[in-house]
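Pasted below: start.pdb, PDB, C-alpha atoms, pLDDT in the B column.
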ATOM      1  CA  MET A   1     153.237 -20.840 187.973  1.00 44.00           C
ATOM      2  CA  VAL A   2     155.373 -20.678 184.909  1.00 45.00           C
ATOM      3  CA  GLY A   3     153.512 -20.388 181.629  1.00 47.00           C
ATOM      4  CA  HIS A   4     153.307 -23.539 179.511  1.00 46.00           C
ATOM      5  CA  THR A   5     151.564 -24.948 176.468  1.00 43.00           C
ATOM      6  CA  GLU A   6     148.555 -27.094 177.125  1.00 43.00           C
ATOM      7  CA  LEU A   7     146.653 -28.911 174.376  1.00 40.00           C
ATOM      8  CA  GLY A   8     147.952 -26.575 171.710  1.00 40.00           C
ATOM      9  CA  ARG A   9     147.110 -23.369 173.533  1.00 44.00           C
ATOM     10  CA  CYS A  10     149.239 -20.995 175.498  1.00 44.00           C
ATOM     11  CA  VAL A  11     148.632 -20.720 179.226  1.00 44.00           C
ATOM     12  CA  LYS A  12     150.085 -17.754 181.080  1.00 46.00           C
ATOM     13  CA  ASP A  13     150.476 -16.998 184.769  1.00 49.00           C
ATOM     14  CA  ASP A  14     149.282 -13.895 186.587  1.00 51.00           C
ATOM     15  CA  SER A  15     152.652 -12.155 186.436  1.00 50.00           C
ATOM     16  CA  GLY A  16     152.596 -11.099 182.761  1.00 52.00           C
ATOM     17  CA  PRO A  17     152.570 -12.249 179.116  1.00 50.00           C
ATOM     18  CA  SER A  18     153.239 -15.834 178.212  1.00 52.00           C
ATOM     19  CA  LEU A  19     156.664 -17.109 177.295  1.00 50.00           C
ATOM     20  CA  PHE A  20     155.246 -17.700 173.814  1.00 45.00           C
ATOM     21  CA  MET A  21     154.331 -14.057 173.440  1.00 50.00           C
ATOM     22  CA  GLN A  22     157.665 -12.933 174.803  1.00 51.00           C
ATOM     23  CA  GLU A  23     159.473 -15.206 172.367  1.00 53.00           C
ATOM     24  CA  SER A  24     157.298 -13.999 169.482  1.00 51.00           C
ATOM     25  CA  ARG A  25     158.117 -10.384 170.235  1.00 52.00           C
ATOM     26  CA  LYS A  26     161.757 -11.225 170.496  1.00 52.00           C
ATOM     27  CA  ASN A  27     161.712 -13.020 167.151  1.00 52.00           C
ATOM     28  CA  THR A  28     159.756 -10.189 165.547  1.00 52.00           C
ATOM     29  CA  ASN A  29     162.223  -7.561 166.756  1.00 53.00           C
ATOM     30  CA  GLU A  30     165.153  -9.645 165.603  1.00 54.00           C
ATOM     31  CA  GLY A  31     163.467 -10.151 162.227  1.00 55.00           C
ATOM     32  CA  ILE A  32     162.883  -6.425 161.767  1.00 57.00           C
ATOM     33  CA  GLY A  33     166.478  -5.752 162.758  1.00 56.00           C
ATOM     34  CA  ALA A  34     167.712  -8.318 160.233  1.00 58.00           C
ATOM     35  CA  ILE A  35     165.579  -6.765 157.476  1.00 59.00           C
ATOM     36  CA  ILE A  36     166.962  -3.320 158.255  1.00 61.00           C
ATOM     37  CA  ILE A  37     170.542  -4.614 158.187  1.00 60.00           C
ATOM     38  CA  ILE A  38     169.945  -6.439 154.900  1.00 61.00           C
ATOM     39  CA  SER A  39     168.298  -3.351 153.357  1.00 65.00           C
ATOM     40  CA  GLU A  40     171.166  -1.127 154.432  1.00 67.00           C
ATOM     41  CA  THR A  41     173.672  -3.645 153.071  1.00 67.00           C
ATOM     42  CA  ILE A  42     171.892  -3.802 149.700  1.00 69.00           C
ATOM     43  CA  TYR A  43     171.740   0.000 149.577  1.00 70.00           C
ATOM     44  CA  LEU A  44     175.474   0.290 150.305  1.00 70.00           C
ATOM     45  CA  LEU A  45     176.290  -2.372 147.705  1.00 71.00           C
ATOM     46  CA  GLU A  46     174.209  -0.559 145.090  1.00 76.00           C
ATOM     47  CA  LYS A  47     175.930   2.713 145.903  1.00 72.00           C
ATOM     48  CA  GLU A  48     179.316   1.024 145.538  1.00 70.00           C
ATOM     49  CA  ARG A  49     178.269  -0.473 142.191  1.00 72.00           C
ATOM     50  CA  GLU A  50     177.083   2.917 140.935  1.00 69.00           C
ATOM     51  CA  LYS A  51     180.280   4.529 142.159  1.00 67.00           C
ATOM     52  CA  LYS A  52     182.398   1.889 140.418  1.00 65.00           C
ATOM     53  CA  LYS A  53     180.297   2.126 137.257  1.00 62.00           C
ATOM     54  CA  LYS A  54     180.713   5.911 137.214  1.00 59.00           C
ATOM     55  CA  SER A  55     184.434   5.534 137.914  1.00 63.00           C
ATOM     56  CA  ASP A  56     184.841   3.002 135.091  1.00 64.00           C
ATOM     57  CA  LEU A  57     182.909   5.273 132.728  1.00 59.00           C
ATOM     58  CA  GLU A  58     185.024   8.284 133.619  1.00 63.00           C
ATOM     59  CA  THR A  59     188.194   6.225 133.139  1.00 65.00           C
ATOM     60  CA  ALA A  60     187.006   5.022 129.734  1.00 63.00           C
ATOM     61  CA  MET A  61     186.085   8.538 128.673  1.00 60.00           C
ATOM     62  CA  GLU A  62     189.507   9.828 129.681  1.00 64.00           C
ATOM     63  CA  THR A  63     191.080   7.490 127.103  1.00 71.00           C
ATOM     64  CA  MET A  64     188.713   8.632 124.324  1.00 72.00           C
ATOM     65  CA  LYS A  65     189.848  11.034 121.680  1.00 81.00           C
ATOM     66  CA  PRO A  66     187.986  14.305 122.382  1.00 85.00           C
ATOM     67  CA  LEU A  67     185.160  15.155 120.005  1.00 83.00           C
ATOM     68  CA  GLU A  68     185.266  18.386 118.079  1.00 82.00           C
ATOM     69  CA  VAL A  69     182.040  20.237 118.833  1.00 86.00           C
ATOM     70  CA  CYS A  70     181.185  23.284 116.770  1.00 83.00           C
ATOM     71  CA  VAL A  71     179.050  25.788 118.666  1.00 87.00           C
ATOM     72  CA  LYS A  72     177.927  29.342 118.082  1.00 89.00           C
ATOM     73  CA  ALA A  73     180.273  32.096 119.188  1.00 91.00           C
ATOM     74  CA  ALA A  74     178.915  35.170 120.926  1.00 92.00           C
ATOM     75  CA  VAL A  75     178.194  38.216 118.793  1.00 88.00           C
ATOM     76  CA  CYS A  76     179.800  40.476 121.380  1.00 90.00           C
ATOM     77  CA  ASP A  77     182.863  38.240 121.879  1.00 90.00           C
ATOM     78  CA  PRO A  78     184.043  35.684 119.266  1.00 87.00           C
ATOM     79  CA  ASN A  79     185.979  33.856 122.001  1.00 90.00           C
ATOM     80  CA  ALA A  80     182.911  33.238 124.176  1.00 93.00           C
ATOM     81  CA  LEU A  81     179.987  30.839 123.845  1.00 92.00           C
ATOM     82  CA  GLY A  82     177.063  32.435 122.056  1.00 91.00           C
ATOM     83  CA  ASN A  83     173.340  32.630 122.750  1.00 90.00           C
ATOM     84  CA  CYS A  84     172.360  29.330 121.111  1.00 89.00           C
ATOM     85  CA  PRO A  85     170.114  26.969 123.155  1.00 91.00           C
ATOM     86  CA  CYS A  86     170.930  24.084 120.815  1.00 88.00           C
ATOM     87  CA  SER A  87     174.655  24.540 121.386  1.00 90.00           C
ATOM     88  CA  GLN A  88     174.137  24.538 125.129  1.00 93.00           C
ATOM     89  CA  THR A  89     171.966  21.422 124.926  1.00 92.00           C
ATOM     90  CA  VAL A  90     174.680  19.505 123.080  1.00 90.00           C
ATOM     91  CA  LEU A  91     177.356  20.602 125.549  1.00 93.00           C
ATOM     92  CA  MET A  92     175.170  19.677 128.519  1.00 94.00           C
ATOM     93  CA  MET A  93     174.548  16.205 127.111  1.00 93.00           C
ATOM     94  CA  LEU A  94     178.277  15.644 126.623  1.00 90.00           C
ATOM     95  CA  GLU A  95     178.992  16.848 130.152  1.00 92.00           C
ATOM     96  CA  GLU A  96     176.289  14.599 131.620  1.00 90.00           C
ATOM     97  CA  LYS A  97     177.769  11.568 129.835  1.00 84.00           C
ATOM     98  CA  TYR A  98     181.384  12.505 130.680  1.00 84.00           C
ATOM     99  CA  VAL A  99     182.282  12.589 126.987  1.00 86.00           C
ATOM    100  CA  PRO A 100     185.505  14.534 126.367  1.00 88.00           C
ATOM    101  CA  TYR A 101     185.262  17.249 123.745  1.00 90.00           C
ATOM    102  CA  ASN A 102     186.992  20.270 122.296  1.00 90.00           C
ATOM    103  CA  LYS A 103     184.730  23.255 121.845  1.00 90.00           C
ATOM    104  CA  LYS A 104     185.117  25.072 118.544  1.00 86.00           C
ATOM    105  CA  LEU A 105     183.456  28.483 118.426  1.00 88.00           C
ATOM    106  CA  ILE A 106     181.920  29.414 115.085  1.00 84.00           C
ATOM    107  CA  ASP A 107     181.261  32.963 113.986  1.00 85.00           C
ATOM    108  CA  VAL A 108     177.888  32.510 112.292  1.00 77.00           C
ATOM    109  CA  ASN A 109     178.445  35.657 110.251  1.00 78.00           C
ATOM    110  CA  HIS A 110     181.439  34.020 108.584  1.00 74.00           C
ATOM    111  CA  MET A 111     180.569  30.324 108.780  1.00 64.00           C
ATOM    112  CA  PRO A 112     181.238  27.924 105.872  1.00 62.00           C
ATOM    113  CA  GLN A 113     178.407  27.832 103.343  1.00 69.00           C
ATOM    114  CA  TRP A 114     179.138  24.371 101.953  1.00 68.00           C
ATOM    115  CA  GLY A 115     175.913  22.770 100.795  1.00 75.00           C
ATOM    116  CA  SER A 116     173.599  25.318 102.369  1.00 81.00           C
ATOM    117  CA  LYS A 117     171.852  25.777  99.003  1.00 90.00           C
ATOM    118  CA  ILE A 118     171.579  22.099  98.050  1.00 93.00           C
ATOM    119  CA  MET A 119     168.198  21.397  99.656  1.00 93.00           C
ATOM    120  CA  PRO A 120     166.342  24.489  98.360  1.00 94.00           C
ATOM    121  CA  LEU A 121     167.870  23.976  94.899  1.00 96.00           C
ATOM    122  CA  LEU A 122     166.920  20.294  95.029  1.00 95.00           C
ATOM    123  CA  ALA A 123     163.321  21.161  95.924  1.00 94.00           C
ATOM    124  CA  ARG A 124     163.136  23.752  93.146  1.00 95.00           C
ATOM    125  CA  PHE A 125     164.484  21.344  90.506  1.00 96.00           C
ATOM    126  CA  LEU A 126     162.280  18.513  91.760  1.00 94.00           C
ATOM    127  CA  LYS A 127     159.102  20.602  91.483  1.00 93.00           C
ATOM    128  CA  SER A 128     160.059  22.100  88.136  1.00 94.00           C
ATOM    129  CA  THR A 129     158.095  21.136  85.038  1.00 91.00           C
ATOM    130  CA  ASP A 130     159.969  23.502  82.745  1.00 92.00           C
ATOM    131  CA  GLN A 131     163.353  22.237  81.540  1.00 89.00           C
ATOM    132  CA  SER A 132     164.406  25.752  80.564  1.00 92.00           C
ATOM    133  CA  ASP A 133     163.768  27.441  83.913  1.00 95.00           C
ATOM    134  CA  GLY A 134     167.390  27.063  85.032  1.00 96.00           C
ATOM    135  CA  SER A 135     166.621  24.960  88.132  1.00 96.00           C
ATOM    136  CA  GLU A 136     168.836  22.058  87.041  1.00 97.00           C
ATOM    137  CA  LYS A 137     171.706  24.371  86.099  1.00 97.00           C
ATOM    138  CA  ALA A 138     171.523  26.129  89.475  1.00 96.00           C
ATOM    139  CA  LEU A 139     171.918  22.805  91.284  1.00 97.00           C
ATOM    140  CA  VAL A 140     174.746  21.666  89.037  1.00 97.00           C
ATOM    141  CA  ASP A 141     176.532  24.999  89.513  1.00 95.00           C
ATOM    142  CA  GLU A 142     176.368  24.509  93.293  1.00 95.00           C
ATOM    143  CA  LEU A 143     177.806  21.011  92.934  1.00 96.00           C
ATOM    144  CA  GLN A 144     180.493  22.375  90.607  1.00 95.00           C
ATOM    145  CA  VAL A 145     181.759  24.669  93.363  1.00 93.00           C
ATOM    146  CA  LEU A 146     182.003  21.689  95.702  1.00 95.00           C
ATOM    147  CA  ASP A 147     183.713  19.605  93.016  1.00 96.00           C
ATOM    148  CA  GLU A 148     186.403  22.231  92.447  1.00 95.00           C
ATOM    149  CA  HIS A 149     187.052  22.481  96.175  1.00 94.00           C
ATOM    150  CA  LEU A 150     187.337  18.701  96.575  1.00 95.00           C
ATOM    151  CA  LYS A 151     189.722  18.529  93.636  1.00 96.00           C
ATOM    152  CA  VAL A 152     192.189  20.734  95.505  1.00 95.00           C
ATOM    153  CA  HIS A 153     191.468  19.967  99.155  1.00 93.00           C
ATOM    154  CA  GLY A 154     189.816  16.513  99.094  1.00 93.00           C
ATOM    155  CA  PRO A 155     188.951  13.758  99.408  1.00 96.00           C
ATOM    156  CA  TYR A 156     186.815  15.284 102.192  1.00 95.00           C
ATOM    157  CA  VAL A 157     186.008  18.958 102.546  1.00 92.00           C
ATOM    158  CA  ASP A 158     188.856  19.534 104.983  1.00 87.00           C
ATOM    159  CA  GLY A 159     191.307  16.971 103.619  1.00 92.00           C
ATOM    160  CA  ASP A 160     191.828  13.378 104.707  1.00 94.00           C
ATOM    161  CA  ASP A 161     189.687  13.490 107.839  1.00 91.00           C
ATOM    162  CA  VAL A 162     185.912  13.678 108.125  1.00 91.00           C
ATOM    163  CA  THR A 163     184.587  16.816 109.795  1.00 85.00           C
ATOM    164  CA  SER A 164     181.163  18.043 110.845  1.00 80.00           C
ATOM    165  CA  ILE A 165     180.801  19.732 107.431  1.00 86.00           C
ATOM    166  CA  ASP A 166     180.986  16.333 105.713  1.00 92.00           C
ATOM    167  CA  LEU A 167     178.394  14.940 108.113  1.00 90.00           C
ATOM    168  CA  PHE A 168     176.243  17.963 107.348  1.00 88.00           C
ATOM    169  CA  LEU A 169     176.481  17.339 103.605  1.00 94.00           C
ATOM    170  CA  ALA A 170     176.071  13.550 103.550  1.00 95.00           C
ATOM    171  CA  PRO A 171     172.289  13.386 104.193  1.00 95.00           C
ATOM    172  CA  LYS A 172     171.620  16.232 101.761  1.00 95.00           C
ATOM    173  CA  LEU A 173     173.565  14.578  98.959  1.00 97.00           C
ATOM    174  CA  TYR A 174     171.880  11.261  99.725  1.00 97.00           C
ATOM    175  CA  HIS A 175     168.423  12.819  99.438  1.00 97.00           C
ATOM    176  CA  MET A 176     169.481  14.581  96.253  1.00 97.00           C
ATOM    177  CA  GLU A 177     170.716  11.381  94.582  1.00 97.00           C
ATOM    178  CA  THR A 178     167.769   9.294  95.758  1.00 97.00           C
ATOM    179  CA  VAL A 179     164.823  11.494  94.861  1.00 97.00           C
ATOM    180  CA  LEU A 180     166.203  12.928  91.608  1.00 97.00           C
ATOM    181  CA  SER A 181     167.042   9.448  90.386  1.00 97.00           C
ATOM    182  CA  HIS A 182     163.512   8.292  91.181  1.00 96.00           C
ATOM    183  CA  PHE A 183     161.439  11.258  90.035  1.00 96.00           C
ATOM    184  CA  LYS A 184     163.587  12.661  87.220  1.00 96.00           C
ATOM    185  CA  ASN A 185     165.901   9.811  86.261  1.00 96.00           C
ATOM    186  CA  TRP A 186     168.743  12.234  87.044  1.00 97.00           C
ATOM    187  CA  THR A 187     172.246  11.432  88.243  1.00 96.00           C
ATOM    188  CA  ILE A 188     175.272  13.529  89.149  1.00 97.00           C
ATOM    189  CA  PRO A 189     177.014  14.567  85.910  1.00 97.00           C
ATOM    190  CA  LYS A 190     180.107  12.489  85.130  1.00 95.00           C
ATOM    191  CA  SER A 191     182.096  15.701  84.845  1.00 97.00           C
ATOM    192  CA  LEU A 192     181.738  16.129  88.601  1.00 97.00           C
ATOM    193  CA  LYS A 193     183.929  13.107  89.389  1.00 97.00           C
ATOM    194  CA  TYR A 194     185.172  14.462  92.707  1.00 97.00           C
ATOM    195  CA  VAL A 195     181.626  14.923  93.964  1.00 97.00           C
ATOM    196  CA  GLU A 196     180.815  11.418  92.753  1.00 97.00           C
ATOM    197  CA  ASN A 197     183.758   9.972  94.653  1.00 97.00           C
ATOM    198  CA  TYR A 198     182.882  12.090  97.671  1.00 97.00           C
ATOM    199  CA  CYS A 199     179.350  10.696  97.770  1.00 97.00           C
ATOM    200  CA  GLU A 200     180.613   7.120  97.472  1.00 97.00           C
ATOM    201  CA  MET A 201     182.995   7.661 100.372  1.00 97.00           C
ATOM    202  CA  LEU A 202     180.346   9.260 102.576  1.00 97.00           C
ATOM    203  CA  PHE A 203     177.655   6.690 101.813  1.00 97.00           C
ATOM    204  CA  SER A 204     180.025   3.774 102.516  1.00 97.00           C
ATOM    205  CA  ARG A 205     180.945   4.987 105.995  1.00 97.00           C
ATOM    206  CA  LEU A 206     179.587   2.808 108.797  1.00 95.00           C
ATOM    207  CA  THR A 207     178.105   5.825 110.568  1.00 95.00           C
ATOM    208  CA  PHE A 208     176.066   6.660 107.474  1.00 96.00           C
ATOM    209  CA  ILE A 209     174.980   3.061 106.883  1.00 96.00           C
ATOM    210  CA  LYS A 210     173.763   2.732 110.473  1.00 95.00           C
ATOM    211  CA  THR A 211     171.769   5.964 110.447  1.00 95.00           C
ATOM    212  CA  HIS A 212     170.322   6.575 106.976  1.00 94.00           C
ATOM    213  CA  ALA A 213     166.687   6.096 105.999  1.00 95.00           C
ATOM    214  CA  SER A 214     165.878   3.577 103.294  1.00 96.00           C
ATOM    215  CA  PRO A 215     165.467   4.933  99.737  1.00 96.00           C
ATOM    216  CA  ASP A 216     161.757   4.033  99.791  1.00 96.00           C
ATOM    217  CA  CYS A 217     161.224   6.083 102.948  1.00 96.00           C
ATOM    218  CA  VAL A 218     163.112   9.056 101.512  1.00 96.00           C
ATOM    219  CA  ILE A 219     161.095   8.881  98.306  1.00 96.00           C
ATOM    220  CA  SER A 220     157.747   8.614 100.103  1.00 94.00           C
ATOM    221  CA  GLY A 221     158.682  11.593 102.275  1.00 94.00           C
ATOM    222  CA  TRP A 222     159.416  13.775  99.281  1.00 94.00           C
ATOM    223  CA  GLU A 223     156.429  12.443  97.376  1.00 91.00           C
ATOM    224  CA  ALA A 224     154.148  13.798 100.083  1.00 85.00           C
ATOM    225  CA  LYS A 225     155.700  17.244  99.622  1.00 84.00           C
ATOM    226  CA  LEU A 226     155.132  17.177  95.875  1.00 85.00           C
ATOM    227  CA  GLN A 227     151.421  16.436  96.097  1.00 78.00           C
TER     228      GLN A 227
END

As structure tokens:
Amino acid sequence: MVGHTELGRCVKDDSGPSLFMQESRKNTNEGIGAIIIISETIYLLEKEREKKKKSDLETAMETMKPLEVCVKAAVCDPNALGNCPCSQTVLMMLEEKYVPYNKKLIDVNHMPQWGSKIMPLLARFLKSTDQSDGSEKALVDELQVLDEHLKVHGPYVDGDDVTSIDLFLAPKLYHMETVLSHFKNWTIPKSLKYVENYCEMLFSRLTFIKTHASPDCVISGWEAKLQ
């Protein structure tokens, strides 16, 4: 007797499972097979998208002007990368993001000293309560050296194009102008017109505008150090 449905229940014969059960298993197997096919298709599509995304990124990066990256040169060989973890970190990040760059090795024993004294001289002048202690003059003398250089080689430190040295100086000069104006009512002397112009150019750059802290935040940060 062939299995059949009777009053909503499945009746099976003595020869094996009901047709209902056989059909259910068949549908279940087909369903699992369909899910596997769909999953594999989605996986392959995602891989293709990632591959295309990576390809598009690499293509875009190939058209970019390479960045100039200054890194420490080795003590034993000025033409080899030095033992600086920070330098390696920067290079690894650029490699991971497929950003083109030109590596510039810097001999730290003969590296430019532009602005290296600004922050300690700023702190000394800011904390000074004695107008005759020479702290203001020391800062102005440092700015005078920069002013004379910009007069000959400006408008930026290395001429018409911004370099990493300018980006190194910009935040320091911004802090100097902001906190000395607030705490000491001090401004860059008018005689240092090239430094004045230099600051205006740096502070008006979009990269500076998008990344600088507000004057209030700079002031509150320094205020905490003075207490």

From A:Cys217, A:Glu48, A:Pro155, A:Lys137, residue lying nearest A:Tyr198 [only C-alpha atoms]
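Of A:Cys217, A:Glu48, A:Pro155, A:Lys137, the one nearest A:Tyr198 is A:Pro155, counting only C-alpha atoms.
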
Residue by residue, what does the PyMOL selection byres ((chain A and resi 182) around 12) grab here? Present the result as a list in words.
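Applied to this file, the PyMOL selection byres ((chain A and resi 182) around 12) selects Leu126, His175, Met176, Glu177, Thr178, Val179, Leu180, Ser181, Phe183, Lys184, Asn185, Trp186, Thr187, Pro215, Asp216, Val218, Ile219, Ser220, Trp222 and Glu223 of chain A.
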
Keeping only C-alpha atoms, write the selected residues to a file as a short mmCIF file (atom, residue, chain, number, x, y, z; two decimals), in the frame of the given file.
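Output (part_2.cif):
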data_model
loop_
_atom_site.label_atom_id
_atom_site.label_comp_id
_atom_site.auth_asym_id
_atom_site.auth_seq_id
_atom_site.Cartn_x
_atom_site.Cartn_y
_atom_site.Cartn_z
CA LEU A 126 162.28 18.51 91.76
CA HIS A 175 168.42 12.82 99.44
CA MET A 176 169.48 14.58 96.25
CA GLU A 177 170.72 11.38 94.58
CA THR A 178 167.77 9.29 95.76
CA VAL A 179 164.82 11.49 94.86
CA LEU A 180 166.20 12.93 91.61
CA SER A 181 167.04 9.45 90.39
CA PHE A 183 161.44 11.26 90.04
CA LYS A 184 163.59 12.66 87.22
CA ASN A 185 165.90 9.81 86.26
CA TRP A 186 168.74 12.23 87.04
CA THR A 187 172.25 11.43 88.24
CA PRO A 215 165.47 4.93 99.74
CA ASP A 216 161.76 4.03 99.79
CA VAL A 218 163.11 9.06 101.51
CA ILE A 219 161.10 8.88 98.31
CA SER A 220 157.75 8.61 100.10
CA TRP A 222 159.42 13.78 99.28
CA GLU A 223 156.43 12.44 97.38
#

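Taking all atoms listed in the file into account, A:Ser191 lies nearest to A:Val140 out of the set A:Leu173, A:Leu67, A:Met93, A:Val140.
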
Given 8 Å of margin on each side, can you work out the centre and size in Å (one decimal) of an axis-aligned box holding every listed atom of stretch 190-202 of chain A, as AutoDock Vina command-line options?
--center_x 182.3 --center_y 11.6 --center_z 93.7 --size_x 21.8 --size_y 25.0 --size_z 33.7

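Omitting A:Lys103 and its sequence neighbours fewer than 3 positions away, and counting all atoms listed in the file, the residues within 8 Å are Glu68, Val69, Cys70 and Val71 of chain A.
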
Could you take the residues named above and write them with C-alpha atoms, as a CSV table (one decimal), in the coordinates of the input?
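Listing of out10.csv after writing:
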chain,number,residue,atom,x,y,z
A,68,GLU,CA,185.3,18.4,118.1
A,69,VAL,CA,182.0,20.2,118.8
A,70,CYS,CA,181.2,23.3,116.8
A,71,VAL,CA,179.0,25.8,118.7

Missing atoms in stretch 115-126 of chain A need filling: write out N, CA and C atoms for it as a PDB file, in the frame of the given file.
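The file below, result_7.pdb, is the result:
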ATOM      1  N   GLY A 115     177.143  23.547 100.873  1.00 75.00           N
ATOM      2  CA  GLY A 115     175.913  22.770 100.795  1.00 75.00           C
ATOM      3  C   GLY A 115     174.677  23.426 101.350  1.00 75.00           C
ATOM      4  N   SER A 116     174.770  24.672 101.772  1.00 81.00           N
ATOM      5  CA  SER A 116     173.599  25.318 102.369  1.00 81.00           C
ATOM      6  C   SER A 116     172.484  25.534 101.347  1.00 81.00           C
ATOM      7  N   LYS A 117     172.853  25.537 100.050  1.00 90.00           N
ATOM      8  CA  LYS A 117     171.852  25.777  99.003  1.00 90.00           C
ATOM      9  C   LYS A 117     171.336  24.492  98.368  1.00 90.00           C
ATOM     10  N   ILE A 118     171.923  23.351  98.730  1.00 93.00           N
ATOM     11  CA  ILE A 118     171.579  22.099  98.050  1.00 93.00           C
ATOM     12  C   ILE A 118     170.102  21.752  98.211  1.00 93.00           C
ATOM     13  N   MET A 119     169.585  21.808  99.428  1.00 93.00           N
ATOM     14  CA  MET A 119     168.198  21.397  99.656  1.00 93.00           C
ATOM     15  C   MET A 119     167.187  22.315  98.967  1.00 93.00           C
ATOM     16  N   PRO A 120     167.308  23.645  99.083  1.00 94.00           N
ATOM     17  CA  PRO A 120     166.342  24.489  98.360  1.00 94.00           C
ATOM     18  C   PRO A 120     166.459  24.349  96.847  1.00 94.00           C
ATOM     19  N   LEU A 121     167.697  24.171  96.342  1.00 96.00           N
ATOM     20  CA  LEU A 121     167.870  23.976  94.899  1.00 96.00           C
ATOM     21  C   LEU A 121     167.323  22.631  94.463  1.00 96.00           C
ATOM     22  N   LEU A 122     167.477  21.625  95.315  1.00 95.00           N
ATOM     23  CA  LEU A 122     166.920  20.294  95.029  1.00 95.00           C
ATOM     24  C   LEU A 122     165.398  20.377  94.946  1.00 95.00           C
ATOM     25  N   ALA A 123     164.779  21.042  95.912  1.00 94.00           N
ATOM     26  CA  ALA A 123     163.321  21.161  95.924  1.00 94.00           C
ATOM     27  C   ALA A 123     162.820  21.912  94.691  1.00 94.00           C
ATOM     28  N   ARG A 124     163.544  22.966  94.318  1.00 95.00           N
ATOM     29  CA  ARG A 124     163.136  23.752  93.146  1.00 95.00           C
ATOM     30  C   ARG A 124     163.204  22.914  91.876  1.00 95.00           C
ATOM     31  N   PHE A 125     164.309  22.183  91.699  1.00 96.00           N
ATOM     32  CA  PHE A 125     164.484  21.344  90.506  1.00 96.00           C
ATOM     33  C   PHE A 125     163.462  20.211  90.493  1.00 96.00           C
ATOM     34  N   LEU A 126     163.199  19.650  91.669  1.00 94.00           N
ATOM     35  CA  LEU A 126     162.280  18.513  91.760  1.00 94.00           C
ATOM     36  C   LEU A 126     160.857  18.924  91.379  1.00 94.00           C
TER      37      LEU A 126
END
